[in-house]
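Asker: Sharing work35.cif, mmCIF, C-alpha atoms, pLDDT in the B column; chains and numbers go by the auth columns:
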```cif
data_structure
loop_
_atom_site.group_PDB
_atom_site.id
_atom_site.type_symbol
_atom_site.label_atom_id
_atom_site.label_comp_id
_atom_site.label_asym_id
_atom_site.label_seq_id
_atom_site.Cartn_x
_atom_site.Cartn_y
_atom_site.Cartn_z
_atom_site.B_iso_or_equiv
_atom_site.auth_seq_id
_atom_site.auth_asym_id
ATOM 1 C CA VAL A 1 -37.903 -22.403 -21.776 53.00 1272 Q
ATOM 2 C CA PRO A 2 -40.180 -25.371 -21.205 59.00 1273 Q
ATOM 3 C CA GLY A 3 -38.678 -28.437 -19.679 59.00 1274 Q
ATOM 4 C CA PRO A 4 -39.449 -31.445 -17.530 68.00 1275 Q
ATOM 5 C CA CYS A 5 -38.117 -29.781 -14.381 83.00 1276 Q
ATOM 6 C CA ALA A 6 -36.569 -26.532 -13.131 86.00 1277 Q
ATOM 7 C CA LEU A 7 -33.027 -27.866 -13.069 87.00 1278 Q
ATOM 8 C CA ILE A 8 -32.965 -28.688 -16.790 89.00 1279 Q
ATOM 9 C CA GLY A 9 -34.560 -25.354 -17.720 88.00 1280 Q
ATOM 10 C CA ALA A 10 -32.095 -23.422 -15.554 91.00 1281 Q
ATOM 11 C CA LEU A 11 -29.140 -25.366 -16.950 92.00 1282 Q
ATOM 12 C CA ALA A 12 -30.330 -24.698 -20.515 90.00 1283 Q
ATOM 13 C CA VAL A 13 -30.537 -20.910 -20.023 90.00 1284 Q
ATOM 14 C CA SER A 14 -27.467 -20.614 -17.772 93.00 1285 Q
ATOM 15 C CA GLY A 15 -24.868 -20.309 -20.494 92.00 1286 Q
ATOM 16 C CA LEU A 16 -22.582 -22.510 -18.376 94.00 1287 Q
ATOM 17 C CA ASP A 17 -21.026 -25.836 -19.348 93.00 1288 Q
ATOM 18 C CA THR A 18 -23.775 -28.387 -19.954 91.00 1289 Q
ATOM 19 C CA SER A 19 -21.550 -31.316 -20.939 93.00 1290 Q
ATOM 20 C CA THR A 20 -21.416 -32.650 -17.380 95.00 1291 Q
ATOM 21 C CA PHE A 21 -23.351 -31.439 -14.368 96.00 1292 Q
ATOM 22 C CA MET A 22 -24.230 -32.497 -10.854 96.00 1293 Q
ATOM 23 C CA PHE A 23 -27.670 -31.901 -9.342 96.00 1294 Q
ATOM 24 C CA ILE A 24 -27.463 -31.409 -5.591 96.00 1295 Q
ATOM 25 C CA GLY A 25 -30.943 -30.111 -4.766 94.00 1296 Q
ATOM 26 C CA PHE A 26 -31.539 -28.311 -1.458 96.00 1297 Q
ATOM 27 C CA LEU A 27 -28.608 -27.955 0.917 96.00 1298 Q
ATOM 28 C CA SER A 28 -29.014 -27.800 4.675 94.00 1299 Q
ATOM 29 C CA ALA A 29 -30.961 -24.893 6.175 93.00 1300 Q
ATOM 30 C CA SER A 30 -28.172 -24.518 8.763 90.00 1301 Q
ATOM 31 C CA SER A 31 -25.487 -22.108 7.568 85.00 1302 Q
ATOM 32 C CA HIS A 32 -22.851 -24.185 9.373 82.00 1303 Q
ATOM 33 C CA GLN A 33 -23.874 -27.400 7.592 88.00 1304 Q
ATOM 34 C CA ARG A 34 -24.451 -25.620 4.268 91.00 1305 Q
ATOM 35 C CA LYS A 35 -20.899 -24.205 4.310 87.00 1306 Q
ATOM 36 C CA LYS A 36 -19.530 -27.635 5.079 84.00 1307 Q
ATOM 37 C CA GLN A 37 -21.474 -29.116 2.150 92.00 1308 Q
ATOM 38 C CA LEU A 38 -20.309 -26.335 -0.183 92.00 1309 Q
ATOM 39 C CA LEU A 39 -16.677 -26.792 0.866 86.00 1310 Q
ATOM 40 C CA GLU A 40 -16.934 -30.474 0.030 87.00 1311 Q
ATOM 41 C CA LEU A 41 -18.203 -29.472 -3.442 92.00 1312 Q
ATOM 42 C CA SER A 42 -15.536 -26.800 -3.975 86.00 1313 Q
ATOM 43 C CA ILE A 43 -13.258 -29.109 -5.980 83.00 1314 Q
ATOM 44 C CA GLU A 44 -16.063 -30.505 -8.153 89.00 1315 Q
ATOM 45 C CA LYS A 45 -15.333 -29.743 -11.809 91.00 1316 Q
ATOM 46 C CA ARG A 46 -18.873 -30.404 -13.074 95.00 1317 Q
ATOM 47 C CA THR A 47 -21.443 -27.623 -13.244 97.00 1318 Q
ATOM 48 C CA LEU A 48 -23.366 -27.604 -9.948 97.00 1319 Q
ATOM 49 C CA ILE A 49 -27.147 -27.191 -9.730 97.00 1320 Q
ATOM 50 C CA PHE A 50 -28.970 -26.400 -6.485 97.00 1321 Q
ATOM 51 C CA TYR A 51 -32.502 -25.585 -5.431 95.00 1322 Q
ATOM 52 C CA GLU A 52 -33.045 -22.838 -2.877 94.00 1323 Q
ATOM 53 C CA SER A 53 -35.995 -21.117 -1.221 91.00 1324 Q
ATOM 54 C CA THR A 54 -36.909 -17.441 -1.106 88.00 1325 Q
ATOM 55 C CA HIS A 55 -36.009 -17.177 2.566 89.00 1326 Q
ATOM 56 C CA ARG A 56 -32.482 -18.576 2.177 91.00 1327 Q
ATOM 57 C CA ILE A 57 -31.326 -17.470 -1.286 92.00 1328 Q
ATOM 58 C CA GLN A 58 -29.269 -14.510 -0.025 91.00 1329 Q
ATOM 59 C CA GLU A 59 -27.563 -16.601 2.689 92.00 1330 Q
ATOM 60 C CA PHE A 60 -26.950 -19.401 0.191 95.00 1331 Q
ATOM 61 C CA LEU A 61 -25.243 -17.005 -2.228 94.00 1332 Q
ATOM 62 C CA GLU A 62 -23.078 -15.501 0.532 90.00 1333 Q
ATOM 63 C CA ASP A 63 -22.035 -18.973 1.699 90.00 1334 Q
ATOM 64 C CA ALA A 64 -21.341 -20.062 -1.896 91.00 1335 Q
ATOM 65 C CA LYS A 65 -19.053 -17.069 -2.427 88.00 1336 Q
ATOM 66 C CA ILE A 66 -17.093 -17.894 0.740 82.00 1337 Q
ATOM 67 C CA CYS A 67 -16.790 -21.614 0.030 84.00 1338 Q
ATOM 68 C CA LEU A 68 -16.610 -21.797 -3.768 85.00 1339 Q
ATOM 69 C CA GLY A 69 -15.086 -18.464 -4.669 81.00 1340 Q
ATOM 70 C CA ASP A 70 -16.554 -15.843 -6.997 85.00 1341 Q
ATOM 71 C CA ARG A 71 -17.556 -18.171 -9.834 90.00 1342 Q
ATOM 72 C CA LYS A 72 -19.953 -17.610 -12.724 95.00 1343 Q
ATOM 73 C CA ILE A 73 -23.541 -18.273 -11.745 97.00 1344 Q
ATOM 74 C CA CYS A 74 -27.093 -18.271 -13.032 96.00 1345 Q
ATOM 75 C CA VAL A 75 -30.015 -17.858 -10.641 94.00 1346 Q
ATOM 76 C CA ALA A 76 -33.363 -18.745 -12.227 92.00 1347 Q
ATOM 77 C CA ARG A 77 -36.769 -18.272 -10.657 89.00 1348 Q
ATOM 78 C CA GLU A 78 -40.264 -19.087 -11.866 81.00 1349 Q
ATOM 79 C CA LEU A 79 -39.095 -20.362 -15.267 79.00 1350 Q
ATOM 80 C CA THR A 80 -41.868 -20.445 -17.897 75.00 1351 Q
ATOM 81 C CA LYS A 81 -44.151 -18.340 -15.683 79.00 1352 Q
ATOM 82 C CA GLN A 82 -45.280 -14.719 -15.797 79.00 1353 Q
ATOM 83 C CA PHE A 83 -42.647 -13.403 -13.364 79.00 1354 Q
ATOM 84 C CA GLU A 84 -39.709 -15.390 -14.725 84.00 1355 Q
ATOM 85 C CA THR A 85 -36.396 -13.970 -13.501 88.00 1356 Q
ATOM 86 C CA ILE A 86 -32.919 -15.000 -14.600 91.00 1357 Q
ATOM 87 C CA LEU A 87 -29.799 -13.404 -13.122 93.00 1358 Q
ATOM 88 C CA TYR A 88 -26.347 -13.966 -14.641 94.00 1359 Q
ATOM 89 C CA GLY A 89 -22.838 -12.979 -13.591 94.00 1360 Q
ATOM 90 C CA THR A 90 -20.382 -13.766 -10.858 93.00 1361 Q
ATOM 91 C CA ILE A 91 -21.687 -14.700 -7.433 92.00 1362 Q
ATOM 92 C CA SER A 92 -20.785 -11.194 -6.175 90.00 1363 Q
ATOM 93 C CA GLU A 93 -22.714 -9.535 -9.000 93.00 1364 Q
ATOM 94 C CA VAL A 94 -25.781 -11.688 -8.420 93.00 1365 Q
ATOM 95 C CA ILE A 95 -25.645 -11.031 -4.657 91.00 1366 Q
ATOM 96 C CA ASN A 96 -25.790 -7.292 -5.394 90.00 1367 Q
ATOM 97 C CA GLU A 97 -28.686 -7.754 -7.831 87.00 1368 Q
ATOM 98 C CA CYS A 98 -30.599 -9.847 -5.290 81.00 1369 Q
ATOM 99 C CA LYS A 99 -30.304 -7.093 -2.680 78.00 1370 Q
ATOM 100 C CA THR A 100 -32.322 -4.707 -4.857 73.00 1371 Q
ATOM 101 C CA ALA A 101 -34.635 -7.189 -6.586 70.00 1372 Q
ATOM 102 C CA MET A 102 -37.811 -8.449 -4.967 63.00 1373 Q
ATOM 103 C CA LEU A 103 -37.292 -12.164 -5.245 69.00 1374 Q
ATOM 104 C CA LYS A 104 -39.988 -14.612 -4.301 77.00 1375 Q
ATOM 105 C CA GLY A 105 -40.481 -18.205 -5.297 79.00 1376 Q
ATOM 106 C CA GLU A 106 -38.288 -21.238 -5.636 85.00 1377 Q
ATOM 107 C CA PHE A 107 -34.860 -20.867 -7.215 91.00 1378 Q
ATOM 108 C CA ALA A 108 -32.686 -23.070 -9.374 94.00 1379 Q
ATOM 109 C CA VAL A 109 -29.060 -21.996 -8.970 96.00 1380 Q
ATOM 110 C CA VAL A 110 -26.473 -23.094 -11.536 97.00 1381 Q
ATOM 111 C CA ILE A 111 -22.819 -22.569 -10.584 97.00 1382 Q
ATOM 112 C CA ASN A 112 -19.759 -23.102 -12.756 94.00 1383 Q
ATOM 113 C CA GLY A 113 -17.629 -26.048 -11.650 92.00 1384 Q
ATOM 114 C CA ALA A 114 -14.075 -25.642 -10.385 86.00 1385 Q
ATOM 115 C CA SER A 115 -11.925 -24.583 -13.320 76.00 1386 Q
ATOM 116 C CA GLU A 116 -8.912 -26.487 -12.076 62.00 1387 Q
ATOM 117 C CA LYS A 117 -7.783 -28.222 -8.935 60.00 1388 Q
ATOM 118 C CA MET A 118 -7.322 -25.584 -6.284 63.00 1389 Q
ATOM 119 C CA ASN A 119 -3.805 -25.211 -4.982 63.00 1390 Q
ATOM 120 C CA TRP A 120 -3.578 -24.908 -1.211 69.00 1391 Q
ATOM 121 C CA ASP A 121 0.225 -25.138 -1.018 70.00 1392 Q
ATOM 122 C CA HIS A 122 0.535 -21.493 0.017 74.00 1393 Q
ATOM 123 C CA LEU A 123 -1.179 -22.374 3.323 80.00 1394 Q
ATOM 124 C CA SER A 124 0.211 -24.633 5.994 87.00 1395 Q
ATOM 125 C CA PHE A 125 -2.175 -27.293 7.261 90.00 1396 Q
ATOM 126 C CA GLU A 126 -2.707 -25.244 10.434 90.00 1397 Q
ATOM 127 C CA GLU A 127 -3.440 -22.034 8.489 87.00 1398 Q
ATOM 128 C CA HIS A 128 -5.852 -23.881 6.225 86.00 1399 Q
ATOM 129 C CA ILE A 129 -7.710 -25.416 9.173 88.00 1400 Q
ATOM 130 C CA GLN A 130 -7.924 -22.051 10.951 87.00 1401 Q
ATOM 131 C CA ALA A 131 -9.237 -20.351 7.799 81.00 1402 Q
ATOM 132 C CA ILE A 132 -12.013 -22.931 7.423 80.00 1403 Q
ATOM 133 C CA VAL A 133 -12.956 -22.679 11.116 81.00 1404 Q
ATOM 134 C CA LYS A 134 -13.063 -18.869 10.861 78.00 1405 Q
ATOM 135 C CA GLU A 135 -15.065 -18.754 7.612 71.00 1406 Q
ATOM 136 C CA THR A 136 -17.541 -21.538 8.322 70.00 1407 Q
ATOM 137 C CA GLY A 137 -17.737 -21.977 12.076 72.00 1408 Q
ATOM 138 C CA VAL A 138 -17.197 -25.730 11.831 74.00 1409 Q
ATOM 139 C CA SER A 139 -15.279 -27.443 14.610 82.00 1410 Q
ATOM 140 C CA ARG A 140 -11.530 -27.871 14.376 88.00 1411 Q
ATOM 141 C CA LYS A 141 -11.990 -31.620 13.881 88.00 1412 Q
ATOM 142 C CA GLU A 142 -14.457 -31.067 11.014 83.00 1413 Q
ATOM 143 C CA ALA A 143 -12.096 -28.500 9.468 84.00 1414 Q
ATOM 144 C CA LEU A 144 -9.237 -31.031 9.577 88.00 1415 Q
ATOM 145 C CA ILE A 145 -11.423 -33.562 7.758 85.00 1416 Q
ATOM 146 C CA LEU A 146 -12.367 -30.937 5.156 82.00 1417 Q
ATOM 147 C CA VAL A 147 -8.714 -29.955 4.634 85.00 1418 Q
ATOM 148 C CA ALA A 148 -7.857 -33.614 4.055 86.00 1419 Q
ATOM 149 C CA HIS A 149 -10.723 -33.875 1.555 80.00 1420 Q
ATOM 150 C CA LEU A 150 -9.809 -30.656 -0.260 79.00 1421 Q
ATOM 151 C CA ARG A 151 -6.127 -31.562 -0.490 81.00 1422 Q
ATOM 152 C CA GLU A 152 -6.911 -35.193 -1.254 80.00 1423 Q
ATOM 153 C CA ILE A 153 -4.615 -36.579 1.450 86.00 1424 Q
ATOM 154 C CA ASN A 154 -5.121 -38.735 4.517 90.00 1425 Q
ATOM 155 C CA LYS A 155 -6.236 -36.827 7.617 88.00 1426 Q
ATOM 156 C CA ARG A 156 -3.707 -38.775 9.724 91.00 1427 Q
ATOM 157 C CA LYS A 157 -0.894 -37.199 7.710 91.00 1428 Q
ATOM 158 C CA ILE A 158 -2.243 -33.726 8.521 89.00 1429 Q
ATOM 159 C CA TYR A 159 -2.655 -34.588 12.196 87.00 1430 Q
ATOM 160 C CA LYS A 160 0.915 -35.907 12.405 89.00 1431 Q
ATOM 161 C CA GLU A 161 2.298 -32.804 10.698 86.00 1432 Q
ATOM 162 C CA ILE A 162 0.422 -30.462 13.074 86.00 1433 Q
ATOM 163 C CA SER A 163 1.481 -32.517 16.121 84.00 1434 Q
ATOM 164 C CA ARG A 164 5.112 -32.364 15.007 85.00 1435 Q
ATOM 165 C CA GLN A 165 4.996 -28.554 14.733 77.00 1436 Q
ATOM 166 C CA ASN A 166 3.555 -28.109 18.247 69.00 1437 Q
#
```
Would you mind writing the file out in structure tokens?

Answerer:
Amino acid sequence: VPGPCALIGALAVSGLDTSTFMFIGFLSASSHQRKKQLLELSIEKRTLIFYESTHRIQEFLEDAKICLGDRKICVARELTKQFETILYGTISEVINECKTAMLKGEFAVVINGASEKMNWDHLSFEEHIQAIVKETGVSRKEALILVAHLREINKRKIYKEISRQN
């Protein structure tokens, strides 16, 4: 699949929604920062496209599963070259394939956007903050900011609610 750049080629062969997409590029090398960035993208409805290196692809996929859920994904490597590799499935399926495949090179990762706005109502603010801290290792303050972002409410409202409960 020839194209002007890896992201367009990967998007074309992904089988995912191509009507609207968001190119992010490389995320942080730090797992902590990468999880924070992925959490911020978790409510994005557009198809997401990332670049990732050989040395971090497995960690990236694990972090994506934690932060985005087990969405449909396409991982493309070395498009239009002799050792072209394209993996399709859910993030879990691709993680398993990557464990057995010898993957070298630069990757274009295409991930399905959020299918609908996630509903966090089953978690209290405190439970939601604790879950993010546990899963990502971010500070409590950063988790509070992320919860406010994910729920699309003012962080002061969350802080007041938590203070009232204590």

Asker: Env of Ile1295 (chain Q): 8 Å cut, atoms = all atoms listed in the file, seq-sep filter 4 positions within chain, self excluded. Answer as an NGL selection string.

Answerer: :Q and (1319-1322)

Asker: Neighbourhood query: residues within 10 Å of (-17.4, -17.2, -5.7), file coordinates, counting only C-alpha atoms; return as a ChimeraX atom specification.

Answerer: /Q:1313,1332-1344,1361-1364,1382-1383

Asker: I'd like to know which of Q:Glu1323, Q:Glu1397, Q:Glu1349, Q:Glu1355 is closest to Lys1412 (chain Q), using all atoms listed in the file.

Answerer: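 For Lys1412 (chain Q), the nearest of the candidates is Q:Glu1397.
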
Asker: Between Q:Phe1292, Q:Tyr1359, Q:Phe1354, Q:Phe1378, which one has atoms that come closest to Thr1325 (chain Q), using all atoms listed in the file?

Answerer: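 Counting all atoms listed in the file, the residue closest to Thr1325 (chain Q) is Q:Phe1378.
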
Asker: Would you write out, as a Markdown table, a table of all residues in region 1328-1405 of chain Q that have an atom no more than 12 Å from an atom of region 1431-1434 of chain Q, listing for each the closest atom pair and the distance in Å to one decimal, considering only C-alpha atoms and ordering rows by chain and rising residue number?

Answerer:
```
| residue | atom | partner | partner_atom | distance |
| --- | --- | --- | --- | --- |
| Q:Ser1395 | CA | Q:Ile1433 | CA | 9.2 |
| Q:Phe1396 | CA | Q:Ile1433 | CA | 7.1 |
| Q:Glu1397 | CA | Q:Ile1433 | CA | 6.6 |
| Q:Glu1398 | CA | Q:Ile1433 | CA | 10.3 |
| Q:His1399 | CA | Q:Ile1433 | CA | 11.4 |
| Q:Ile1400 | CA | Q:Ile1433 | CA | 10.3 |
```

Asker: Could you list, as a list of chain:residue names, every residue within 12 Å of Gly1408 (chain Q), counting only C-alpha atoms and ignoring same-chain residues fewer than 4 positions away?

Answerer: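 Those residues are Q:Ser1301, Q:Ser1302, Q:His1303, Q:Gln1304, Q:Arg1305, Q:Lys1306, Q:Lys1307, Q:Asp1334, Q:Ile1400, Q:Gln1401, Q:Ala1402, Q:Ile1403, Q:Val1404, Q:Lys1412, Q:Glu1413, Q:Ala1414.
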
Asker: With all atoms listed in the file as the atoms that count, which of Q:Asp1288, Q:Asp1392, Q:Glu1330, Q:Glu1315 lies nearest to Cys1369 (chain Q)?

Answerer: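 Checking each of Q:Asp1288, Q:Asp1392, Q:Glu1330, Q:Glu1315 against Cys1369 (chain Q), counting all atoms listed in the file, the winner is Q:Glu1330.
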
Asker: In Å to one decimal, how far is CA of Ile1314 (chain Q) from CA of Thr1291 (chain Q)?

Answerer: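 Separation of CA of Thr1291 (chain Q) and CA of Ile1314 (chain Q): 14.5 Å.
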
Asker: Between CA of Arg1435 (chain Q) and CA of Glu1406 (chain Q), what distance in Å does the model show, to one decimal?

Answerer: 25.4 Å

Asker: So, with all atoms listed in the file as the atoms that count, which of Q:Leu1394, Q:Ala1347, Q:Ile1429, Q:Leu1309 lies closest to Gly1376 (chain Q)?

Answerer: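 Closest residue, counting all atoms listed in the file: Q:Ala1347.
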
Asker: Report, in Å with one decimal, the straight-line distance from CA of Ser1386 (chain Q) to CA of Ser1324 (chain Q).

Answerer: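 About the pair CA of Ser1386 (chain Q) and CA of Ser1324 (chain Q): they are 27.2 Å apart.
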
Asker: Could you list the residues chosen by the PyMOL selection byres ((chain Q and resi 1278) around 9) in this structure as a ChimeraX atom specification?

Answerer: /Q:1274-1277,1279-1283,1294,1296,1320-1322,1379-1381

Asker: Can I get the selection written as a short mmCIF file (atom, residue, chain, number, x, y, z; two decimals), in the coordinates of the input, with C-alpha atoms?

Answerer:
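So part_25.cif came out as:
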```cif
data_model
loop_
_atom_site.label_atom_id
_atom_site.label_comp_id
_atom_site.auth_asym_id
_atom_site.auth_seq_id
_atom_site.Cartn_x
_atom_site.Cartn_y
_atom_site.Cartn_z
CA GLY Q 1274 -38.68 -28.44 -19.68
CA PRO Q 1275 -39.45 -31.44 -17.53
CA CYS Q 1276 -38.12 -29.78 -14.38
CA ALA Q 1277 -36.57 -26.53 -13.13
CA ILE Q 1279 -32.97 -28.69 -16.79
CA GLY Q 1280 -34.56 -25.35 -17.72
CA ALA Q 1281 -32.10 -23.42 -15.55
CA LEU Q 1282 -29.14 -25.37 -16.95
CA ALA Q 1283 -30.33 -24.70 -20.52
CA PHE Q 1294 -27.67 -31.90 -9.34
CA GLY Q 1296 -30.94 -30.11 -4.77
CA ILE Q 1320 -27.15 -27.19 -9.73
CA PHE Q 1321 -28.97 -26.40 -6.48
CA TYR Q 1322 -32.50 -25.58 -5.43
CA ALA Q 1379 -32.69 -23.07 -9.37
CA VAL Q 1380 -29.06 -22.00 -8.97
CA VAL Q 1381 -26.47 -23.09 -11.54
#
```

Asker: Around all listed atoms of region 1281-1296 of chain Q, padded 4 Å per side, what centre and edge lengths does the axis-aligned box have in Å to one decimal, as AutoDock Vina command-line options?

Answerer:
```
--center_x -26.6 --center_y -26.5 --center_z -12.9 --size_x 19.1 --size_y 20.3 --size_z 24.2
```

Asker: In terms of the shortest atom-to-atom distance over only C-alpha atoms, which of Q:Gly1384, Q:Lys1426, Q:Ile1357, Q:Glu1368 is closest to Ser1285 (chain Q)?

Answerer: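 Looking at the shortest contact to Ser1285 (chain Q), the residue is Q:Ile1357.
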